[in-house]
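> mmCIF, C-alpha atoms; chains and numbers go by the auth columns, saved as final.cif, coming up:
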data_upload
loop_
_atom_site.group_PDB
_atom_site.id
_atom_site.type_symbol
_atom_site.label_atom_id
_atom_site.label_comp_id
_atom_site.label_asym_id
_atom_site.label_seq_id
_atom_site.Cartn_x
_atom_site.Cartn_y
_atom_site.Cartn_z
_atom_site.B_iso_or_equiv
_atom_site.auth_seq_id
_atom_site.auth_asym_id
ATOM 1 C CA MET A 1 -1.524 2.785 14.299 0.00 273 Y
ATOM 2 C CA ALA A 2 -2.227 5.362 16.973 0.00 274 Y
ATOM 3 C CA ASN A 3 1.382 6.371 17.669 0.00 275 Y
ATOM 4 C CA VAL A 4 2.783 6.033 14.170 0.00 276 Y
ATOM 5 C CA SER A 5 4.307 9.186 12.662 0.00 277 Y
ATOM 6 C CA THR A 6 2.721 10.839 9.638 0.00 278 Y
ATOM 7 C CA ALA A 7 5.700 9.984 7.430 0.00 279 Y
ATOM 8 C CA THR A 8 5.601 6.312 8.428 0.00 280 Y
ATOM 9 C CA ARG A 9 1.847 6.081 7.901 0.00 281 Y
ATOM 10 C CA SER A 10 2.154 7.793 4.519 0.00 282 Y
ATOM 11 C CA ALA A 11 4.886 5.355 3.440 0.00 283 Y
ATOM 12 C CA TYR A 12 2.754 2.422 4.587 0.00 284 Y
ATOM 13 C CA ASP A 13 -0.330 3.658 2.726 0.00 285 Y
ATOM 14 C CA LEU A 14 1.705 4.335 -0.404 0.00 286 Y
ATOM 15 C CA ALA A 15 3.418 0.939 -0.479 0.00 287 Y
ATOM 16 C CA PHE A 16 0.508 -1.293 0.563 0.00 288 Y
ATOM 17 C CA GLN A 17 -2.785 0.487 -0.183 0.00 289 Y
ATOM 18 C CA ILE A 18 -2.454 3.350 -2.677 0.00 290 Y
ATOM 19 C CA SER A 19 -0.079 1.794 -5.191 0.00 291 Y
ATOM 20 C CA PRO A 20 0.976 -1.726 -4.148 0.00 292 Y
ATOM 21 C CA ILE A 21 1.061 -2.842 -7.793 0.00 293 Y
ATOM 22 C CA ILE A 22 4.125 -1.990 -9.857 0.00 294 Y
ATOM 23 C CA LEU A 23 4.110 -2.721 -13.593 0.00 295 Y
ATOM 24 C CA VAL A 24 7.447 -4.122 -14.777 0.00 296 Y
ATOM 25 C CA ASN A 25 8.617 -4.001 -18.414 0.00 297 Y
ATOM 26 C CA GLY A 26 5.699 -4.197 -20.877 0.00 298 Y
ATOM 27 C CA ILE A 27 4.226 -0.690 -21.146 0.00 299 Y
ATOM 28 C CA ALA A 28 6.681 0.380 -18.436 0.00 300 Y
ATOM 29 C CA SER A 29 9.726 -0.342 -20.615 0.00 301 Y
ATOM 30 C CA ASN A 30 10.364 3.385 -21.153 0.00 302 Y
ATOM 31 C CA ALA A 31 9.677 4.406 -17.545 0.00 303 Y
ATOM 32 C CA VAL A 32 12.338 5.000 -14.913 0.00 304 Y
ATOM 33 C CA GLY A 33 13.848 1.638 -13.997 0.00 305 Y
ATOM 34 C CA LYS A 34 11.332 -0.040 -16.343 0.00 306 Y
ATOM 35 C CA MET A 35 8.799 0.105 -13.510 0.00 307 Y
ATOM 36 C CA LEU A 36 5.530 2.046 -13.359 0.00 308 Y
ATOM 37 C CA PRO A 37 3.233 2.353 -10.308 0.00 309 Y
ATOM 38 C CA ILE A 38 -0.398 1.580 -11.083 0.00 310 Y
ATOM 39 C CA ILE A 39 -1.433 4.987 -9.760 0.00 311 Y
ATOM 40 C CA ALA A 40 0.233 6.537 -12.822 0.00 312 Y
ATOM 41 C CA LEU A 41 -2.391 4.851 -15.025 0.00 313 Y
ATOM 42 C CA VAL A 42 -5.264 6.845 -13.486 0.00 314 Y
ATOM 43 C CA GLY A 43 -3.659 10.282 -13.601 0.00 315 Y
ATOM 44 C CA GLN A 44 -3.210 10.919 -9.879 0.00 316 Y
ATOM 45 C CA VAL A 45 0.542 11.422 -9.831 0.00 317 Y
ATOM 46 C CA ALA A 46 0.194 15.155 -9.183 0.00 318 Y
ATOM 47 C CA GLY A 47 -2.100 14.562 -6.208 0.00 319 Y
ATOM 48 C CA LEU A 48 0.306 12.020 -4.785 0.00 320 Y
ATOM 49 C CA ALA A 49 3.238 14.399 -5.130 0.00 321 Y
ATOM 50 C CA GLN A 50 1.289 17.181 -3.424 0.00 322 Y
ATOM 51 C CA GLY A 51 0.436 14.903 -0.513 0.00 323 Y
ATOM 52 C CA VAL A 52 4.048 13.817 -0.114 0.00 324 Y
ATOM 53 C CA LEU A 53 5.231 17.429 -0.058 0.00 325 Y
ATOM 54 C CA THR A 54 2.551 18.755 2.315 0.00 326 Y
ATOM 55 C CA SER A 55 0.703 17.072 5.162 0.00 327 Y
ATOM 56 C CA GLY A 56 1.057 13.462 4.107 0.00 328 Y
ATOM 57 C CA ILE A 57 -1.114 11.057 2.145 0.00 329 Y
ATOM 58 C CA THR A 58 -4.056 8.831 3.003 0.00 330 Y
ATOM 59 C CA ALA A 59 -5.477 5.978 0.976 0.00 331 Y
ATOM 60 C CA ASP A 60 -9.048 7.335 1.063 0.00 332 Y
ATOM 61 C CA ALA A 61 -8.061 10.438 -0.916 0.00 333 Y
ATOM 62 C CA PHE A 62 -7.147 8.508 -4.064 0.00 334 Y
ATOM 63 C CA PHE A 63 -8.954 6.828 -6.949 0.00 335 Y
ATOM 64 C CA ALA A 64 -8.720 3.375 -5.413 0.00 336 Y
ATOM 65 C CA LYS A 65 -7.560 1.529 -2.318 0.00 337 Y
ATOM 66 C CA TYR A 66 -6.069 -1.968 -2.556 0.00 338 Y
ATOM 67 C CA LEU A 67 -6.390 -4.682 0.085 0.00 339 Y
ATOM 68 C CA PRO A 68 -5.081 -8.285 0.028 0.00 340 Y
ATOM 69 C CA VAL A 69 -7.816 -10.872 -0.446 0.00 341 Y
ATOM 70 C CA PRO A 70 -7.787 -13.775 2.046 0.00 342 Y
ATOM 71 C CA GLY A 71 -6.542 -16.999 0.510 0.00 343 Y
ATOM 72 C CA SER A 72 -3.351 -15.770 -1.118 0.00 344 Y
ATOM 73 C CA THR A 73 -0.502 -18.267 -0.812 0.00 345 Y
ATOM 74 C CA LEU A 74 2.979 -17.754 0.594 0.00 346 Y
ATOM 75 C CA ILE A 75 3.987 -21.418 0.314 0.00 347 Y
ATOM 76 C CA SER A 76 2.290 -23.905 -1.995 0.00 348 Y
ATOM 77 C CA ASN A 77 3.439 -27.504 -2.351 0.00 349 Y
ATOM 78 C CA THR A 78 1.896 -30.773 -3.427 0.00 350 Y
ATOM 79 C CA VAL A 79 3.031 -34.241 -2.427 0.00 351 Y
ATOM 80 C CA GLY A 80 3.659 -36.888 -5.062 0.00 352 Y
ATOM 81 C CA THR A 81 1.183 -39.794 -4.847 0.00 353 Y
ATOM 82 C CA TYR A 82 2.773 -42.190 -7.336 0.00 354 Y
ATOM 83 C CA PRO A 83 4.596 -45.320 -6.045 0.00 355 Y
ATOM 84 C CA PHE A 84 7.948 -44.673 -4.391 0.00 356 Y
ATOM 85 C CA ALA A 85 11.019 -46.859 -3.977 0.00 357 Y
ATOM 86 C CA ASN A 86 11.066 -46.425 -0.220 0.00 358 Y
ATOM 87 C CA GLN A 87 9.522 -44.386 2.571 0.00 359 Y
ATOM 88 C CA GLN A 88 12.430 -41.954 2.756 0.00 360 Y
ATOM 89 C CA VAL A 89 11.967 -40.943 -0.886 0.00 361 Y
ATOM 90 C CA ALA A 90 8.207 -40.605 -0.377 0.00 362 Y
ATOM 91 C CA ALA A 91 8.702 -38.269 2.579 0.00 363 Y
ATOM 92 C CA ASN A 92 10.753 -35.892 0.441 0.00 364 Y
ATOM 93 C CA ALA A 93 8.531 -35.917 -2.667 0.00 365 Y
ATOM 94 C CA ILE A 94 7.442 -32.278 -2.339 0.00 366 Y
ATOM 95 C CA ILE A 95 6.551 -30.512 -5.577 0.00 367 Y
ATOM 96 C CA GLN A 96 6.592 -26.716 -5.453 0.00 368 Y
ATOM 97 C CA GLN A 97 3.608 -24.911 -6.958 0.00 369 Y
ATOM 98 C CA PRO A 98 3.192 -21.317 -8.196 0.00 370 Y
ATOM 99 C CA LEU A 99 1.995 -18.740 -5.658 0.00 371 Y
ATOM 100 C CA ASN A 100 -1.322 -16.953 -6.032 0.00 372 Y
ATOM 101 C CA ILE A 101 -2.075 -13.427 -4.837 0.00 373 Y
ATOM 102 C CA SER A 102 -5.300 -11.453 -5.190 0.00 374 Y
ATOM 103 C CA LEU A 103 -5.972 -7.814 -4.357 0.00 375 Y
ATOM 104 C CA GLU A 104 -9.334 -6.136 -3.868 0.00 376 Y
ATOM 105 C CA MET A 105 -9.505 -2.760 -5.565 0.00 377 Y
ATOM 106 C CA ILE A 106 -12.057 -0.495 -3.868 0.00 378 Y
ATOM 107 C CA ALA A 107 -12.872 2.448 -6.139 0.00 379 Y
ATOM 108 C CA PRO A 108 -16.117 4.220 -5.218 0.00 380 Y
ATOM 109 C CA VAL A 109 -17.201 7.504 -6.760 0.00 381 Y
ATOM 110 C CA LYS A 110 -16.420 10.213 -4.204 0.00 382 Y
ATOM 111 C CA ASP A 111 -18.110 13.269 -5.780 0.00 383 Y
ATOM 112 C CA ASP A 112 -20.504 14.254 -8.556 0.00 384 Y
ATOM 113 C CA ALA A 113 -17.697 14.683 -11.080 0.00 385 Y
ATOM 114 C CA GLY A 114 -16.635 11.104 -10.441 0.00 386 Y
ATOM 115 C CA TYR A 115 -19.795 9.735 -12.040 0.00 387 Y
ATOM 116 C CA LEU A 116 -18.870 11.502 -15.286 0.00 388 Y
ATOM 117 C CA THR A 117 -15.239 10.363 -15.346 0.00 389 Y
ATOM 118 C CA LYS A 118 -15.617 6.801 -14.042 0.00 390 Y
ATOM 119 C CA LEU A 119 -16.242 5.219 -17.444 0.00 391 Y
ATOM 120 C CA ALA A 120 -13.260 6.978 -19.009 0.00 392 Y
ATOM 121 C CA LEU A 121 -10.940 6.111 -16.106 0.00 393 Y
ATOM 122 C CA PHE A 122 -11.851 2.427 -16.004 0.00 394 Y
ATOM 123 C CA THR A 123 -11.711 2.107 -19.782 0.00 395 Y
ATOM 124 C CA SER A 124 -8.234 3.642 -19.793 0.00 396 Y
ATOM 125 C CA LEU A 125 -7.116 1.412 -16.902 0.00 397 Y
ATOM 126 C CA GLN A 126 -8.478 -1.739 -18.572 0.00 398 Y
ATOM 127 C CA ASN A 127 -6.816 -0.876 -21.879 0.00 399 Y
ATOM 128 C CA SER A 128 -3.474 -0.142 -20.206 0.00 400 Y
ATOM 129 C CA LEU A 129 -3.451 -3.352 -18.167 0.00 401 Y
ATOM 130 C CA ASN A 130 -4.543 -5.417 -21.166 0.00 402 Y
ATOM 131 C CA GLN A 131 -1.787 -3.903 -23.307 0.00 403 Y
ATOM 132 C CA HIS A 132 0.741 -4.541 -20.537 0.00 404 Y
ATOM 133 C CA ASN A 133 -0.334 -8.184 -20.294 0.00 405 Y
ATOM 134 C CA GLN A 134 -0.274 -8.728 -24.044 0.00 406 Y
ATOM 135 C CA SER A 135 3.223 -7.264 -24.321 0.00 407 Y
ATOM 136 C CA GLY A 136 4.622 -9.687 -21.740 0.00 408 Y
ATOM 137 C CA GLY A 137 4.667 -7.274 -18.813 0.00 409 Y
ATOM 138 C CA LEU A 138 5.041 -8.477 -15.228 0.00 410 Y
ATOM 139 C CA TYR A 139 3.890 -7.157 -11.863 0.00 411 Y
ATOM 140 C CA ASN A 140 5.435 -6.687 -8.428 0.00 412 Y
ATOM 141 C CA ILE A 141 2.814 -6.883 -5.662 0.00 413 Y
ATOM 142 C CA ALA A 142 3.420 -5.501 -2.167 0.00 414 Y
ATOM 143 C CA THR A 143 1.469 -6.833 0.801 0.00 415 Y
ATOM 144 C CA PRO A 144 2.224 -6.183 4.484 0.00 416 Y
ATOM 145 C CA ALA A 145 3.381 -9.789 4.953 0.00 417 Y
ATOM 146 C CA PHE A 146 5.138 -10.613 1.687 0.00 418 Y
ATOM 147 C CA ILE A 147 6.430 -9.115 -1.564 0.00 419 Y
ATOM 148 C CA TYR A 148 5.445 -11.015 -4.722 0.00 420 Y
ATOM 149 C CA THR A 149 7.770 -10.316 -7.656 0.00 421 Y
ATOM 150 C CA ASN A 150 7.547 -11.090 -11.382 0.00 422 Y
ATOM 151 C CA CYS A 151 3.856 -12.001 -11.302 0.00 423 Y
ATOM 152 C CA LEU A 152 1.433 -12.479 -14.181 0.00 424 Y
ATOM 153 C CA MET A 153 -2.113 -11.089 -14.133 0.00 425 Y
ATOM 154 C CA THR A 154 -4.801 -13.726 -14.674 0.00 426 Y
ATOM 155 C CA ALA A 155 -8.052 -11.801 -14.134 0.00 427 Y
ATOM 156 C CA MET A 156 -9.792 -8.575 -13.120 0.00 428 Y
ATOM 157 C CA THR A 157 -13.331 -9.267 -11.878 0.00 429 Y
ATOM 158 C CA ASP A 158 -16.212 -7.151 -10.574 0.00 430 Y
ATOM 159 C CA ILE A 159 -17.057 -8.455 -7.082 0.00 431 Y
ATOM 160 C CA THR A 160 -19.424 -5.687 -5.923 0.00 432 Y
ATOM 161 C CA SER A 161 -22.072 -7.391 -3.782 0.00 433 Y
ATOM 162 C CA GLY A 162 -24.660 -4.723 -2.950 0.00 434 Y
ATOM 163 C CA GLU A 163 -23.139 -3.183 0.164 0.00 435 Y
ATOM 164 C CA THR A 164 -23.547 0.204 -1.518 0.00 436 Y
ATOM 165 C CA ASN A 165 -25.998 1.764 -3.960 0.00 437 Y
ATOM 166 C CA GLN A 166 -23.138 2.350 -6.370 0.00 438 Y
ATOM 167 C CA LYS A 167 -22.448 -0.259 -8.998 0.00 439 Y
ATOM 168 C CA GLN A 168 -19.073 -1.750 -9.884 0.00 440 Y
ATOM 169 C CA VAL A 169 -17.183 -0.422 -6.870 0.00 441 Y
ATOM 170 C CA ARG A 170 -15.105 -3.445 -5.877 0.00 442 Y
ATOM 171 C CA PHE A 171 -12.864 -5.391 -8.229 0.00 443 Y
ATOM 172 C CA GLN A 172 -10.627 -8.395 -7.627 0.00 444 Y
ATOM 173 C CA LEU A 173 -7.255 -8.472 -9.372 0.00 445 Y
ATOM 174 C CA ASP A 174 -5.748 -11.967 -9.539 0.00 446 Y
ATOM 175 C CA PHE A 175 -2.060 -12.675 -10.064 0.00 447 Y
ATOM 176 C CA VAL A 176 0.137 -15.759 -10.142 0.00 448 Y
ATOM 177 C CA GLN A 177 3.865 -15.899 -9.420 0.00 449 Y
ATOM 178 C CA PRO A 178 5.370 -18.509 -11.774 0.00 450 Y
ATOM 179 C CA LEU A 179 7.927 -20.969 -10.492 0.00 451 Y
ATOM 180 C CA VAL A 180 10.621 -19.804 -12.902 0.00 452 Y
ATOM 181 C CA SER A 181 10.969 -16.328 -14.360 0.00 453 Y
ATOM 182 C CA SER A 182 12.945 -15.565 -17.504 0.00 454 Y
ATOM 183 C CA ALA A 183 15.667 -13.955 -15.384 0.00 455 Y
ATOM 184 C CA GLN A 184 15.946 -17.029 -13.162 0.00 456 Y
ATOM 185 C CA ALA A 185 16.089 -19.338 -16.165 0.00 457 Y
ATOM 186 C CA THR A 186 18.856 -17.240 -17.714 0.00 458 Y
ATOM 187 C CA ALA A 187 20.843 -17.272 -14.472 0.00 459 Y
ATOM 188 C CA VAL A 188 20.577 -21.050 -14.188 0.00 460 Y
ATOM 189 C CA GLN A 189 21.535 -21.522 -17.827 0.00 461 Y
ATOM 190 C CA ASN A 190 24.541 -19.232 -17.470 0.00 462 Y
ATOM 191 C CA ASN A 191 25.639 -21.130 -14.366 0.00 463 Y
ATOM 192 C CA LEU A 192 25.337 -24.437 -16.208 0.00 464 Y
ATOM 193 C CA MET A 193 27.240 -23.194 -19.265 0.00 465 Y
ATOM 194 C CA SER A 194 30.060 -21.878 -17.093 0.00 466 Y
ATOM 195 C CA LYS A 195 30.316 -25.319 -15.499 0.00 467 Y
ATOM 196 C CA VAL A 196 30.423 -27.009 -18.889 0.00 468 Y
ATOM 197 C CA THR A 197 33.011 -24.673 -20.445 0.00 469 Y
ATOM 198 C CA GLY A 198 35.125 -24.803 -17.304 0.00 470 Y
ATOM 199 C CA GLY A 199 35.153 -28.591 -17.256 0.00 471 Y
ATOM 200 C CA GLY A 200 33.364 -28.709 -13.923 0.00 472 Y
ATOM 201 C CA GLN A 201 30.977 -31.363 -12.737 0.00 473 Y
ATOM 202 C CA ILE A 202 27.304 -30.724 -13.447 0.00 474 Y
ATOM 203 C CA THR A 203 25.912 -33.502 -11.283 0.00 475 Y
ATOM 204 C CA SER A 204 26.086 -31.403 -8.111 0.00 476 Y
ATOM 205 C CA PRO A 205 22.632 -30.404 -6.843 0.00 477 Y
ATOM 206 C CA ASN A 206 23.857 -26.847 -6.326 0.00 478 Y
ATOM 207 C CA TRP A 207 24.392 -25.826 -9.952 0.00 479 Y
ATOM 208 C CA SER A 208 20.677 -25.176 -10.478 0.00 480 Y
ATOM 209 C CA GLY A 209 19.883 -24.178 -6.935 0.00 481 Y
ATOM 210 C CA GLN A 210 17.161 -21.799 -5.911 0.00 482 Y
ATOM 211 C CA ILE A 211 17.538 -18.291 -7.278 0.00 483 Y
ATOM 212 C CA ALA A 212 16.848 -15.390 -4.945 0.00 484 Y
ATOM 213 C CA ALA A 213 13.292 -14.129 -5.321 0.00 485 Y
ATOM 214 C CA GLY A 214 14.316 -10.497 -5.623 0.00 486 Y
ATOM 215 C CA GLY A 215 15.675 -9.296 -2.287 0.00 487 Y
ATOM 216 C CA THR A 216 14.411 -8.939 1.234 0.00 488 Y
ATOM 217 C CA ALA A 217 11.033 -7.557 2.133 0.00 489 Y
ATOM 218 C CA GLN A 218 12.697 -4.537 3.732 0.00 490 Y
ATOM 219 C CA GLY A 219 14.646 -3.785 0.583 0.00 491 Y
ATOM 220 C CA LEU A 220 11.634 -4.167 -1.705 0.00 492 Y
ATOM 221 C CA ALA A 221 9.269 -2.132 0.427 0.00 493 Y
ATOM 222 C CA GLY A 222 11.831 0.476 1.501 0.00 494 Y
ATOM 223 C CA SER A 223 13.297 3.517 -0.192 0.00 495 Y
ATOM 224 C CA ASN A 224 14.822 1.413 -2.972 0.00 496 Y
ATOM 225 C CA GLY A 225 11.855 -0.920 -3.393 0.00 497 Y
ATOM 226 C CA LEU A 226 8.193 -0.641 -4.370 0.00 498 Y
ATOM 227 C CA ALA A 227 7.429 2.514 -2.412 0.00 499 Y
ATOM 228 C CA GLY A 228 10.733 3.938 -3.577 0.00 500 Y
ATOM 229 C CA SER A 229 9.811 3.122 -7.172 0.00 501 Y
ATOM 230 C CA VAL A 230 6.764 5.377 -6.895 0.00 502 Y
ATOM 231 C CA VAL A 231 8.758 8.227 -5.364 0.00 503 Y
ATOM 232 C CA ASN A 232 11.541 7.759 -7.917 0.00 504 Y
ATOM 233 C CA PHE A 233 8.967 7.839 -10.722 0.00 505 Y
ATOM 234 C CA LEU A 234 7.486 11.065 -9.343 0.00 506 Y
ATOM 235 C CA SER A 235 10.858 12.787 -9.158 0.00 507 Y
ATOM 236 C CA HIS A 236 11.417 12.173 -12.864 0.00 508 Y
ATOM 237 C CA ALA A 237 7.841 12.742 -14.020 0.00 509 Y
ATOM 238 C CA LEU A 238 7.245 16.146 -12.415 0.00 510 Y
#
Please express what this file holds, its structure, as structure tokens.


Amino acid sequence: MANVSTATRSAYDLAFQISPIILVNGIASNAVGKMLPIIALVGQVAGLAQGVLTSGITADAFFAKYLPVPGSTLISNTVGTYPFANQQVAANAIIQQPLNISLEMIAPVKDDAGYLTKLALFTSLQNSLNQHNQSGGLYNIATPAFIYTNCLMTAMTDITSGETNQKQVRFQLDFVQPLVSSAQATAVQNNLMSKVTGGGQITSPNWSGQIAAGGTAQGLAGSNGLAGSVVNFLSHAL
């Protein structure tokens, strides 16, 4: 990104590397918009605000940097293999599957003080994420190619392989995006009930049609989306 402005680069780093994980509901229920950027869990909000207000921000200056792990899915379908009435039906027997997304969290110790605070930081982060999961919290995940909304966390695993003398530097965070969220189910149910009470037909394939996944990528990653959620959180927290 040789010719990219400082503001654009800072927005990119913020949305996709510094804090691409937004906690929704759960422990974020009392936060602004019921969303909480993961960077708030490690106490670096003040440093982020200072970078925004001064010369910009870079991912290397923060507790951790997040990168998408190869193998995440944007489309996942299986094809039915049971007997079909005819070839036309068989050709359309596509069964949609949940999407999987994994992020690599790179969090090396950067100075002598970091060795003393690492245990406390990771313990606090693990406790916060575990509490969020147990209370039914969801996650929005921003990647440069796709925005995953309303995801569930399935694992956080140490994947450090010896490329550095430090131990437990790289962690993999695994998420799954379910086929139907509670909001989507409610919308479909409300649509069905309005059909029933209005005397309309419910055999049309459109009454339970696909619900929007949460807006366009531009809207989610822009000023009103994931990056905007962090900035909005900062404006209320400071």

> Ranking Y:Leu339, Y:Ala283, Y:Ile366, Y:Leu397 by minimum distance to Val351 of chain Y and counting only C-alpha atoms, which one comes first?

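Closest candidate: Y:Ile366.
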
> Translate the PyMOL selection byres ((chain Y and resi 308) around 10) into a concrete residue list for this structure, as a ChimeraX atom specification.

/Y:291,293-307,309-313,411,498,501-502,504-505

> Rank nothing, just name the residue among Y:Phe447, Y:Ile367, Y:Phe288, Y:Met377 nearest to Ala336 of chain Y, using all atoms listed in the file.

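Result for the nearest residue to Ala336 of chain Y: Y:Met377.
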
> Record the distance separating atom CA of Pro292 of chain Y and atom CA of Val314 of chain Y, expressed in Å with one decimal.

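Between atom CA of Pro292 of chain Y and atom CA of Val314 of chain Y the gap is 14.1 Å.
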
> Pick from Y:Ala379, Y:Thr395, Y:Asn372, Y:Gln406: nearest to Cys423 of chain Y, with all atoms listed in the file counted?

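That would be Y:Asn372, the residue with the smallest distance to Cys423 of chain Y.
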
> Could you check the closest approach to Thr426 of chain Y for each of Y:Ala365, Y:Leu393, Y:Val448, Y:Ala287 and tell me which residue wins, using only C-alpha atoms?

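For Thr426 of chain Y, the nearest of the candidates is Y:Val448.
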
> Give me, please, the distance in Å between atom CA of Asn349 of chain Y and atom CA of Leu451 of chain Y, quoted to one decimal.

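It comes out at 11.4 Å.
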
> Considering all atoms listed in the file, return as an mmCIF file with C-alpha atoms, keeping the file's coordinate frame whatever protein or nucleic-acid residues lie within 10 Å of segment 433-444 of chain Y, sequence-local ones (same chain, fewer than 6 positions apart) excluded.


data_model
loop_
_atom_site.group_PDB
_atom_site.id
_atom_site.type_symbol
_atom_site.label_atom_id
_atom_site.label_comp_id
_atom_site.auth_asym_id
_atom_site.auth_seq_id
_atom_site.Cartn_x
_atom_site.Cartn_y
_atom_site.Cartn_z
ATOM 1 C CA ALA Y 336 -8.720 3.375 -5.413
ATOM 2 C CA LYS Y 337 -7.560 1.529 -2.318
ATOM 3 C CA TYR Y 338 -6.069 -1.968 -2.556
ATOM 4 C CA LEU Y 339 -6.390 -4.682 0.085
ATOM 5 C CA PRO Y 340 -5.081 -8.285 0.028
ATOM 6 C CA VAL Y 341 -7.816 -10.872 -0.446
ATOM 7 C CA SER Y 374 -5.300 -11.453 -5.190
ATOM 8 C CA LEU Y 375 -5.972 -7.814 -4.357
ATOM 9 C CA GLU Y 376 -9.334 -6.136 -3.868
ATOM 10 C CA MET Y 377 -9.505 -2.760 -5.565
ATOM 11 C CA ILE Y 378 -12.057 -0.495 -3.868
ATOM 12 C CA ALA Y 379 -12.872 2.448 -6.139
ATOM 13 C CA PRO Y 380 -16.117 4.220 -5.218
ATOM 14 C CA VAL Y 381 -17.201 7.504 -6.760
ATOM 15 C CA TYR Y 387 -19.795 9.735 -12.040
ATOM 16 C CA ALA Y 427 -8.052 -11.801 -14.134
#

> Would you mind reading off the distance between atom CA of Thr353 of chain Y and atom CA of Gln369 of chain Y, one decimal, in Å?

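Distance between the two atoms: 15.2 Å.
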
> Can you translate the PyMOL selection byres ((chain Y and resi 347) around 9) into the concrete residues it hits in this file, as an NGL selection string?

:Y and (345-346 or 348-349 or 368-371)

> Given the selection you just returned, output its residues as a file containing C-alpha atoms, formatted as an mmCIF file, keeping the file's coordinate frame.


data_model
loop_
_atom_site.group_PDB
_atom_site.id
_atom_site.type_symbol
_atom_site.label_atom_id
_atom_site.label_comp_id
_atom_site.auth_asym_id
_atom_site.auth_seq_id
_atom_site.Cartn_x
_atom_site.Cartn_y
_atom_site.Cartn_z
ATOM 1 C CA THR Y 345 -0.502 -18.267 -0.812
ATOM 2 C CA LEU Y 346 2.979 -17.754 0.594
ATOM 3 C CA SER Y 348 2.290 -23.905 -1.995
ATOM 4 C CA ASN Y 349 3.439 -27.504 -2.351
ATOM 5 C CA GLN Y 368 6.592 -26.716 -5.453
ATOM 6 C CA GLN Y 369 3.608 -24.911 -6.958
ATOM 7 C CA PRO Y 370 3.192 -21.317 -8.196
ATOM 8 C CA LEU Y 371 1.995 -18.740 -5.658
#

> What are the centre and edge lengths in Å, to one decimal, of the axis-aligned box around all listed atoms of segment 398-408 of chain Y with 6 Å added on each side, as JSON?


{"center_x": -1.9, "center_y": -4.9, "center_z": -21.2, "size_x": 25.1, "size_y": 21.5, "size_z": 18.2}

> With all atoms listed in the file as the atoms that count, which of Y:Leu445, Y:Ile419, Y:Ala279, Y:Val452 lies nearest to Ile431 of chain Y?

Y:Leu445
